[in-house]
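J.: Supplied structure: upload-v8.txt, compact mmCIF, C-alpha atoms.
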# COMPACT_ATOMS: atom_id res chain seq x y z
CA MET A 1 -15.78 26.77 11.20
CA ILE A 2 -12.33 25.46 12.10
CA THR A 3 -12.33 21.89 13.39
CA GLY A 4 -9.87 19.79 15.34
CA GLN A 5 -8.97 18.03 12.10
CA ASP A 6 -8.04 21.40 10.58
CA LEU A 7 -5.74 22.08 13.51
CA ARG A 8 -4.16 18.65 13.21
CA MET A 9 -3.58 19.00 9.46
CA SER A 10 -1.94 22.40 9.99
CA ARG A 11 0.35 20.95 12.65
CA LEU A 12 1.33 17.93 10.54
CA SER A 13 1.93 20.09 7.48
CA ARG A 14 4.59 21.96 9.51
CA GLY A 15 6.13 18.74 10.84
CA VAL A 16 5.45 19.65 14.49
CA SER A 17 4.75 16.96 17.07
CA LEU A 18 2.12 17.21 19.79
CA ASP A 19 4.91 17.34 22.38
CA GLY A 20 6.53 20.25 20.55
CA LEU A 21 3.27 22.10 20.19
CA ALA A 22 2.41 21.57 23.86
CA LYS A 23 5.73 23.14 24.87
CA SER A 24 5.21 26.07 22.50
CA THR A 25 1.66 26.82 23.59
CA GLY A 26 1.89 25.97 27.28
CA MET A 27 -1.10 23.64 26.93
CA SER A 28 -1.05 20.00 27.91
CA LYS A 29 -0.42 17.37 25.23
CA GLY A 30 -3.52 15.47 26.35
CA HIS A 31 -5.77 18.53 25.96
CA LEU A 32 -4.40 19.31 22.50
CA SER A 33 -4.87 15.69 21.45
CA ARG A 34 -8.50 15.74 22.57
CA VAL A 35 -9.11 19.02 20.73
CA GLU A 36 -7.71 17.59 17.51
CA ARG A 37 -9.85 14.45 17.87
CA GLY A 38 -13.00 16.52 18.35
CA GLN A 39 -13.42 15.62 22.02
CA ARG A 40 -12.88 19.22 23.18
CA GLU A 41 -14.17 22.50 21.79
CA VAL A 42 -12.02 24.45 19.32
CA THR A 43 -11.98 27.87 20.95
CA PRO A 44 -10.59 31.07 19.39
CA ALA A 45 -7.79 30.98 21.97
CA VAL A 46 -6.75 27.51 20.86
CA VAL A 47 -6.76 28.56 17.21
CA ARG A 48 -4.61 31.61 18.01
CA SER A 49 -2.17 29.42 19.93
CA TYR A 50 -1.80 27.06 16.97
CA GLN A 51 -1.29 29.95 14.55
CA GLU A 52 1.34 31.62 16.71
CA ALA A 53 3.22 28.38 17.39
CA LEU A 54 3.10 27.14 13.77
CA GLY A 55 3.46 30.46 12.00
CA VAL A 56 0.53 29.72 9.70
CA VAL A 57 -3.10 30.77 9.39
CA VAL A 58 -5.32 27.80 10.18
CA ALA A 59 -8.04 27.49 7.55
CA ALA A 60 -11.37 25.66 7.68
CA THR A 61 -10.26 23.30 4.94
CA HIS A 62 -13.44 21.19 4.92
CA CYS A 63 -15.16 24.01 3.01
CA VAL A 64 -12.56 24.21 0.22
CA ALA A 65 -13.62 22.93 -3.21
CA ALA A 66 -12.23 19.59 -4.31
CA THR A 67 -10.06 21.10 -7.04
CA ASN A 68 -8.87 24.43 -8.30
CA THR A 69 -10.55 24.46 -11.71
CA GLU A 70 -8.35 27.22 -13.07
CA SER A 71 -4.99 25.62 -12.24
CA GLY A 72 -6.02 21.99 -12.15
CA LEU A 73 -4.07 21.64 -8.90
CA PRO A 74 -5.37 19.85 -5.79
CA SER A 75 -7.23 21.96 -3.26
CA ASN A 76 -5.54 23.25 -0.13
CA MET A 77 -6.96 20.39 1.89
CA GLU A 78 -5.86 17.73 -0.60
CA ASP A 79 -2.41 19.30 -0.83
CA MET A 80 -2.11 19.36 2.95
CA LYS A 81 -3.12 15.70 3.10
CA ARG A 82 -0.56 14.87 0.42
CA ARG A 83 2.24 16.74 2.19
CA SER A 84 1.24 15.24 5.53
CA LEU A 85 1.37 11.71 4.10
CA LEU A 86 4.71 12.32 2.39
CA GLY A 87 6.03 13.74 5.67
CA ILE A 88 5.06 10.55 7.51
CA ILE A 89 6.69 8.46 4.78
CA ALA A 90 9.85 10.58 4.84
CA ALA A 91 10.15 10.17 8.62
CA ALA A 92 9.71 6.42 8.35
CA SER A 93 12.20 6.18 5.47
CA VAL A 94 15.02 7.25 7.82
CA GLY A 95 13.92 4.91 10.59
CA ALA A 96 11.85 7.38 12.61
CA ALA A 97 8.22 6.81 13.47
CA ALA A 98 5.78 9.67 13.16
CA MET A 99 5.94 11.83 16.26
CA GLU A 100 2.28 11.18 17.00
CA PRO A 101 0.71 7.68 16.94
CA LEU A 102 -1.90 7.22 14.22
CA SER A 103 -3.78 4.64 16.27
CA ARG A 104 -6.90 6.83 16.36
CA LEU A 105 -7.65 5.93 12.73
CA LEU A 106 -9.85 3.04 13.84
CA ASP A 107 -12.10 3.10 16.87
CA GLY A 108 -10.24 0.99 19.40
CA PHE A 109 -11.90 -1.34 21.83
CA GLU A 110 -12.18 -0.33 25.44
CA GLY A 111 -9.69 -1.75 27.90
CA ARG A 112 -9.54 -5.52 28.11
CA GLY A 113 -8.56 -5.62 31.75
CA LEU A 114 -4.86 -6.01 30.97
CA SER A 115 -2.49 -4.20 33.29
CA ARG A 116 0.55 -4.93 31.13
CA VAL A 117 1.16 -6.35 27.64
CA GLY A 118 3.32 -9.47 27.41
CA ILE A 119 4.48 -11.98 24.86
CA ALA A 120 1.13 -13.82 24.77
CA GLU A 121 -0.73 -10.74 23.49
CA VAL A 122 1.95 -10.03 20.89
CA GLN A 123 1.85 -13.63 19.66
CA ALA A 124 -1.93 -13.36 19.25
CA ILE A 125 -1.54 -10.36 16.91
CA GLU A 126 1.31 -12.10 15.07
CA ALA A 127 -0.87 -15.17 14.58
CA ALA A 128 -3.70 -13.03 13.20
CA ALA A 129 -1.30 -11.27 10.81
CA ASP A 130 0.16 -14.60 9.68
CA LEU A 131 -3.28 -16.11 9.10
CA TYR A 132 -4.45 -13.10 7.11
CA THR A 133 -1.26 -13.11 5.02
CA ARG A 134 -1.74 -16.79 4.15
CA MET A 135 -5.34 -16.34 3.02
CA ASP A 136 -6.18 -15.96 -0.64
CA LEU A 137 -8.54 -12.98 -0.49
CA ALA A 138 -9.24 -12.93 -4.22
CA HIS A 139 -12.76 -14.30 -3.74
CA GLY A 140 -13.95 -11.70 -1.27
CA GLY A 141 -12.92 -12.83 2.15
CA GLY A 142 -15.56 -10.95 4.14
CA MET A 143 -14.91 -13.03 7.23
CA ALA A 144 -11.16 -12.55 6.87
CA VAL A 145 -11.58 -8.78 6.59
CA ALA A 146 -13.77 -8.71 9.72
CA MET A 147 -11.16 -10.78 11.55
CA ALA A 148 -8.36 -8.49 10.44
CA ARG A 149 -10.21 -5.36 11.51
CA GLY A 150 -11.08 -6.80 14.92
CA SER A 151 -7.50 -7.94 15.51
CA LEU A 152 -6.18 -4.57 14.36
CA GLU A 153 -8.46 -2.66 16.69
CA TRP A 154 -7.44 -4.89 19.59
CA GLY A 155 -3.76 -4.49 18.77
CA LEU A 156 -4.03 -0.71 18.58
CA ASP A 157 -5.70 -0.72 21.98
CA LEU A 158 -2.76 -2.68 23.37
CA LEU A 159 -0.33 0.05 22.32
CA ASP A 160 -1.70 2.34 25.04
CA LYS A 161 -0.80 -0.17 27.77
CA PRO A 162 2.52 -0.63 29.61
CA MET A 163 5.11 -3.00 28.09
CA ASN A 164 8.86 -3.24 27.75
CA GLN A 165 10.61 -1.90 24.64
CA PRO A 166 11.33 -5.25 22.92
CA ILE A 167 7.68 -6.24 23.31
CA ARG A 168 6.55 -2.86 21.96
CA GLU A 169 8.78 -3.19 18.89
CA ARG A 170 7.53 -6.69 18.18
CA LEU A 171 3.92 -5.64 18.67
CA SER A 172 4.40 -2.64 16.37
CA SER A 173 5.76 -4.87 13.60
CA ALA A 174 2.84 -7.28 13.95
CA ILE A 175 0.33 -4.43 13.79
CA GLY A 176 2.21 -2.93 10.83
CA LEU A 177 2.00 -6.20 8.90
CA LEU A 178 -1.67 -6.75 9.68
CA ALA A 179 -2.57 -3.15 8.75
CA ASP A 180 -0.57 -3.43 5.53
CA ARG A 181 -2.42 -6.56 4.40
CA PHE A 182 -5.75 -5.04 5.46
CA GLY A 183 -4.99 -1.79 3.63
CA TRP A 184 -3.94 -3.69 0.49
CA ALA A 185 -7.23 -5.59 0.47
CA ILE A 186 -9.11 -2.29 0.77
CA TYR A 187 -7.08 -0.86 -2.12
CA ASP A 188 -7.75 -3.91 -4.27
CA ALA A 189 -11.48 -3.42 -3.62
CA GLY A 190 -11.16 0.11 -5.04
CA ASP A 191 -11.33 2.34 -1.93
CA MET A 192 -8.15 4.36 -2.48
CA SER A 193 -8.78 6.95 0.23
CA THR A 194 -9.34 4.48 3.07
CA ALA A 195 -6.51 2.29 1.81
CA THR A 196 -4.11 5.23 2.01
CA LYS A 197 -5.09 5.91 5.61
CA VAL A 198 -4.77 2.28 6.69
CA LEU A 199 -1.42 1.92 4.92
CA ALA A 200 -0.21 5.12 6.61
CA LEU A 201 -1.17 3.47 9.89
CA ALA A 202 0.78 0.37 8.82
CA LEU A 203 3.83 2.48 8.00
CA ASP A 204 3.73 4.35 11.29
CA ASN A 205 3.71 1.09 13.24
CA SER A 206 6.23 -0.76 11.07
CA ALA A 207 8.62 2.18 11.54
CA ARG A 208 8.47 1.51 15.29
CA GLY A 209 9.48 -2.12 14.81
CA ALA A 210 12.81 -3.68 13.87
CA ASP A 211 11.85 -5.23 10.51
CA ARG A 212 13.28 -2.86 7.88
CA ASP A 213 12.01 -4.99 4.99
CA LEU A 214 8.46 -4.71 6.32
CA ARG A 215 8.70 -0.94 6.53
CA ALA A 216 10.04 -0.82 2.95
CA HIS A 217 7.26 -3.11 1.74
CA VAL A 218 4.57 -0.92 3.31
CA MET A 219 6.14 2.07 1.54
CA LEU A 220 5.99 0.06 -1.69
CA ASP A 221 2.27 -0.54 -1.21
CA LEU A 222 1.69 3.13 -0.42
CA SER A 223 3.60 4.10 -3.54
CA THR A 224 1.36 1.89 -5.66
CA VAL A 225 -1.82 3.43 -4.28
CA THR A 226 -0.30 6.89 -4.80
CA THR A 227 0.61 6.13 -8.42
CA ASP A 228 -2.79 4.61 -9.16
CA SER A 229 -4.34 7.77 -7.73
CA GLY A 230 -2.68 9.72 -10.54
CA ARG A 231 0.59 10.79 -8.87
CA PRO A 232 3.32 8.52 -10.28
CA ALA A 233 6.08 11.03 -9.50
CA ASP A 234 5.14 10.85 -5.82
CA GLY A 235 5.07 7.06 -6.11
CA VAL A 236 8.65 7.04 -7.39
CA GLU A 237 9.71 9.46 -4.65
CA ILE A 238 8.27 7.20 -1.94
CA LEU A 239 10.30 4.27 -3.29
CA ARG A 240 13.41 6.43 -3.53
CA MET A 241 13.08 7.07 0.20
CA ALA A 242 12.59 3.36 0.88
CA LEU A 243 15.68 2.48 -1.15
CA GLY A 244 17.72 4.94 0.89
CA ASP A 245 17.79 2.47 3.78
CA GLU A 246 20.86 0.26 3.27
CA ARG A 247 19.52 -2.26 5.80
CA VAL A 248 16.78 -3.38 3.41
CA SER A 249 17.55 -6.86 2.03
CA SER A 250 18.51 -7.41 -1.60
CA VAL A 251 15.29 -9.33 -2.33
CA GLU A 252 13.13 -6.48 -1.07
CA ARG A 253 15.33 -3.95 -2.91
CA ALA A 254 14.70 -5.93 -6.11
CA ASN A 255 10.98 -5.68 -5.41
CA LEU A 256 11.23 -1.92 -4.80
CA HIS A 257 13.14 -1.36 -8.04
CA ALA A 258 10.69 -3.47 -10.07
CA VAL A 259 7.71 -1.50 -8.82
CA ALA A 260 9.60 1.79 -9.27
CA ALA A 261 10.09 0.81 -12.92
CA ARG A 262 6.32 0.44 -13.29
CA HIS A 263 5.75 3.84 -11.70
CA CYS A 264 8.31 5.40 -14.07
CA ALA A 265 6.37 3.94 -16.98
CA ALA A 266 3.22 5.60 -15.64
CA ALA A 267 5.18 8.87 -15.43
CA HIS A 268 6.34 8.40 -19.08
CA ASP A 269 10.00 8.12 -18.03
CA ARG A 270 11.03 4.98 -19.91
CA ARG A 271 14.75 5.50 -19.46
CA ALA A 272 14.47 5.67 -15.68
CA GLY A 273 12.13 2.67 -15.71
CA LEU A 274 14.61 0.51 -17.62
CA ARG A 275 17.36 1.54 -15.21
CA HIS A 276 15.22 0.37 -12.28
CA VAL A 277 14.73 -2.97 -14.05
CA GLU A 278 18.53 -3.31 -14.32
CA LEU A 279 18.93 -2.50 -10.62
CA ALA A 280 16.26 -5.06 -9.71
CA GLU A 281 18.05 -7.73 -11.69
CA GLU A 282 21.38 -6.77 -10.08
CA ALA A 283 19.85 -7.06 -6.61
CA LEU A 284 18.51 -10.53 -7.42
CA SER A 285 21.97 -11.66 -8.51
CA ARG A 286 23.42 -10.98 -5.06
CA PRO A 287 23.59 -13.62 -2.30
CA GLN A 288 20.25 -13.80 -0.52
CA GLN A 289 19.72 -13.64 3.22
CA ALA A 290 19.57 -17.02 4.92
CA ALA A 291 16.25 -16.62 6.72
CA ALA A 292 13.58 -14.21 5.51
CA PRO A 293 10.66 -13.28 7.79
CA GLU A 294 7.59 -15.48 7.48
CA TRP A 295 5.56 -12.73 5.79
CA ALA A 296 8.31 -12.28 3.17
CA ARG A 297 8.40 -16.00 2.41
CA ARG A 298 4.70 -15.78 1.60
CA ILE A 299 4.97 -12.60 -0.48
CA THR A 300 8.30 -11.11 -1.55
CA VAL A 301 10.42 -14.27 -1.76
CA SER A 302 7.63 -16.67 -2.69
CA PRO A 303 8.13 -18.59 -5.96
CA GLY A 304 7.52 -16.48 -9.04
CA HIS A 305 7.05 -13.19 -7.20
CA HIS A 306 10.01 -11.32 -8.68
CA ASP A 307 9.27 -12.69 -12.15
CA SER A 308 5.74 -11.31 -11.87
CA ALA A 309 6.94 -7.92 -10.58
CA LEU A 310 9.52 -7.57 -13.34
CA GLY A 311 7.11 -8.92 -15.97
CA LEU A 312 4.50 -6.31 -15.07
CA ALA A 313 7.17 -3.59 -15.17
CA LEU A 314 8.55 -4.68 -18.54
CA PHE A 315 5.04 -4.88 -19.96
CA ALA A 316 4.37 -1.30 -18.85
CA LEU A 317 7.67 -0.24 -20.47
CA ASP A 318 6.73 -1.92 -23.80
CA GLU A 319 9.57 -4.44 -23.53
CA ASP A 320 7.32 -7.16 -24.97
CA ARG A 321 9.82 -10.00 -25.47
CA ARG A 322 11.38 -9.71 -22.02
CA ALA A 323 7.96 -9.22 -20.44
CA HIS A 324 6.68 -12.41 -22.11
CA GLU A 325 9.62 -14.40 -20.67
CA ARG A 326 9.15 -13.07 -17.14
CA LEU A 327 5.36 -13.45 -17.11
CA SER A 328 5.56 -17.01 -18.46
CA SER A 329 8.08 -17.89 -15.77
CA ALA A 330 5.90 -16.32 -13.08
CA LEU A 331 2.82 -18.28 -14.12
CA ALA A 332 4.81 -21.51 -14.04
CA ARG A 333 6.03 -20.85 -10.49
CA LEU A 334 3.41 -18.84 -8.57
CA ASP A 335 1.77 -20.52 -5.59
CA THR A 336 -1.89 -21.43 -5.90
CA GLY A 337 -2.79 -18.78 -3.30
CA ARG A 338 -1.54 -15.93 -5.52
CA THR A 339 -4.74 -15.82 -7.59
CA ARG A 340 -4.82 -12.09 -8.26
CA THR A 341 -1.12 -11.90 -9.12
CA GLY A 342 -1.53 -14.84 -11.49
CA LEU A 343 -4.46 -13.17 -13.20
CA ARG A 344 -2.56 -9.92 -13.67
CA CYS A 345 0.25 -11.90 -15.33
CA ARG A 346 -2.07 -13.99 -17.51
CA THR A 347 -4.09 -11.06 -18.87
CA ARG A 348 -0.87 -9.35 -19.94
CA LEU A 349 0.47 -12.54 -21.46
CA ALA A 350 -2.73 -12.81 -23.51
CA ILE A 351 -2.28 -9.21 -24.69
CA LEU A 352 1.36 -9.83 -25.62
CA ASN A 353 0.37 -12.85 -27.69
CA MET A 354 -2.26 -10.81 -29.52
CA ARG A 355 0.23 -8.03 -30.21
CA ALA A 356 2.68 -10.55 -31.65
CA GLY A 357 0.04 -12.02 -33.96
CA ASP A 358 -0.17 -15.28 -32.00
CA ARG A 359 -3.94 -15.68 -32.19
CA GLU A 360 -3.89 -19.20 -30.77
CA GLY A 361 -1.83 -18.13 -27.77
CA GLY A 362 -3.98 -15.06 -27.26
CA GLU A 363 -7.18 -17.11 -27.28
CA ARG A 364 -5.72 -19.73 -24.94
CA GLU A 365 -4.45 -17.28 -22.33
CA SER A 366 -7.49 -14.98 -22.45
CA ARG A 367 -9.96 -17.85 -22.03
CA ARG A 368 -7.88 -19.20 -19.15
CA ALA A 369 -7.85 -15.73 -17.56
CA VAL A 370 -11.64 -15.46 -17.72
CA GLN A 371 -11.96 -18.95 -16.26
CA ASP A 372 -9.55 -18.21 -13.41
CA ALA A 373 -11.37 -14.94 -12.67
CA MET A 374 -14.56 -16.78 -11.72
CA GLY A 375 -15.68 -15.34 -8.37
CA VAL A 376 -12.67 -13.03 -8.04
CA ARG A 377 -13.45 -9.63 -6.58
CA SER A 378 -10.73 -7.17 -7.50
CA ARG A 379 -10.88 -3.73 -9.06
CA ARG A 380 -7.44 -4.18 -10.61
CA VAL A 381 -8.23 -7.58 -12.11
CA SER A 382 -11.54 -6.30 -13.51
CA SER A 383 -9.67 -3.45 -15.20
CA ASP A 384 -7.07 -5.87 -16.60
CA LEU A 385 -9.77 -8.14 -18.02
CA ALA A 386 -11.52 -5.21 -19.68
CA THR A 387 -8.23 -4.14 -21.26
CA MET A 388 -7.66 -7.68 -22.52
CA VAL A 389 -11.11 -7.80 -24.15
CA GLU A 390 -10.52 -4.44 -25.82
CA CYS A 391 -7.13 -5.63 -27.08
CA ALA A 392 -8.78 -8.66 -28.71
CA ARG A 393 -11.20 -6.36 -30.48
CA THR A 394 -8.40 -4.01 -31.58
CA HIS A 395 -6.40 -6.86 -33.10
CA GLY A 396 -9.24 -8.16 -35.27
CA MET A 397 -10.46 -10.87 -32.88
CA GLY A 398 -13.98 -9.56 -32.50
CA GLU A 399 -15.63 -12.94 -32.02
CA LEU A 400 -13.24 -13.77 -29.19
CA ALA A 401 -13.84 -10.34 -27.64
CA ASP A 402 -17.61 -10.88 -27.72
CA GLU A 403 -17.22 -14.34 -26.20
CA LEU A 404 -15.01 -13.04 -23.39
CA ALA A 405 -17.33 -10.10 -22.71
CA ARG A 406 -20.35 -12.41 -22.46
CA SER A 407 -18.53 -14.72 -20.04
CA LEU A 408 -17.49 -11.82 -17.84
CA ALA A 409 -21.01 -10.40 -17.86
CA GLN A 410 -22.39 -13.78 -16.79
CA GLN A 411 -19.88 -13.98 -13.98
CA ALA A 412 -20.82 -10.50 -12.79
CA ALA A 413 -24.51 -11.42 -12.78
CA ALA A 414 -23.98 -14.72 -10.94
What would you get if you wrote out this structure as structure tokens?
T.:
Amino acid sequence: MITGQDLRMSRLSRGVSLDGLAKSTGMSKGHLSRVERGQREVTPAVVRSYQEALGVVVAATHCVAATNTESGLPSNMEDMKRRSLLGIIAAASVGAAAMEPLSRLLDGFEGRGLSRVGIAEVQAIEAAADLYTRMDLAHGGGMAVAMARGSLEWGLDLLDKPMNQPIRERLSSAIGLLADRFGWAIYDAGDMSTATKVLALALDNSARGADRDLRAHVMLDLSTVTTDSGRPADGVEILRMALGDERVSSVERANLHAVAARHCAAAHDRRAGLRHVELAEEALSRPQQAAAPEWARRITVSPGHHDSALGLALFALDEDRRAHERLSSALARLDTGRTRTGLRCRTRLAILNMRAGDREGGERESRRAVQDAMGVRSRRVSSDLATMVECARTHGMGELADELARSLAQQAAA
């Protein structure tokens, strides 16, 4: 049975907006929107209208198997989702928002009695985004996540209300930032599918605002989730689109290149990865903008951030000496609130020491990593720690590996 979601995925896969489809079919935009959201019945006439307007056969994709076992390729539904997401990213990369708002991702609150949105409402969302950005969520942050979701739902509800264009742009940026931080927390907890949807929501809203660095940074986060989902080539392509915007600052461009280098390593393209490292270093050598946005001062231009990004990239590219220098510098400079970033740097520094035969350094950094990880809830950090323990065992440090494994098991049981 064809659903409204099937119709929507077919429309997005062809890059057609609801406005365009409404004109082609002669149906109202509101009716089509309600059909796609499951609030109206999907009749045979509606399906025929979609097929004629889009030039495709609409399939009931929810019944398709997860993978094509013969080819190893994603199923039709997964491929449509992938192309739809890349289409949204491509539109945002040239400064255009998606033609249809994605604000139906979360269930919005009912009307709050506001007849018009003003600066006070926008400042409330900005304050929530700023507070969430400043929090160190490494130790769970259940209350912070609940706050972020509630603020996000309220902000999305505001988008349907009247406001002038400058207010709408500012509100969109605030929602984009809050959704990005929320989506990143979901990703770090290991829910890749939901993280992708929330980050797509963040990108759609940031594309409607005026902060080009924010839009590029959301694309960076989406690229990381995409690469970690097993599609590094798509991850590199997303960053290529982000780098195509000349209005992005040099500090954010350095960040984009550093992460692109890591994606290239995952795609086994070492040459391209090293070139991205060079471009990141070139961007950092240029004069920096006088006043970065508040969110960037807490993330992208915070002390040690670029050293950590480049250190992680160089580690992935097997540039051990340069990686050791960058990671050491990052650990000396990172703010105390960057717990997860610090742990990712320290686990790699421990591994580098073990590779170089520095047993004392390897023991020191690995024990410190396990100590710092106390109470930290992060899928990525857990994976890094497991890799570090295995490295100790591989390099003839079995007693240390057993000690670290016991400590981590005790932490997990606590």
J.: Excluding Leu317 of chain A and its own-chain neighbours fewer than 5 positions away, which residues fall within 12 Å of it when counting only C-alpha atoms? Please give them as a ChimeraX atom specification.
T.: /A:258-277,310-312,322-323
J.: So, with all atoms listed in the file as the atoms that count, which of A:Thr341, A:Thr336, A:Ser285, A:Ser223 lies closest to Ala309 of chain A?
T.: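 Counting all atoms listed in the file, the residue closest to Ala309 of chain A is A:Thr341.
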J.: So how far away is atom CA of Ala332 of chain A from atom CA of Ala392 of chain A, in Å?
T.: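 Interatomic distance here is 23.8 Å.
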J.: Please indicate the distance in Å from atom CA of Ala189 of chain A to atom CA of Glu294 of chain A, rounded to one decimal place.
T.: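 Here the two named atoms are 25.1 Å from each other.
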J.: Please determine, counting all atoms listed in the file, which residue among A:Asn255, A:Asn353, A:Ser17, A:Thr196 has the shortest atom-to-atom distance to Ser366 of chain A.
T.: A:Asn353
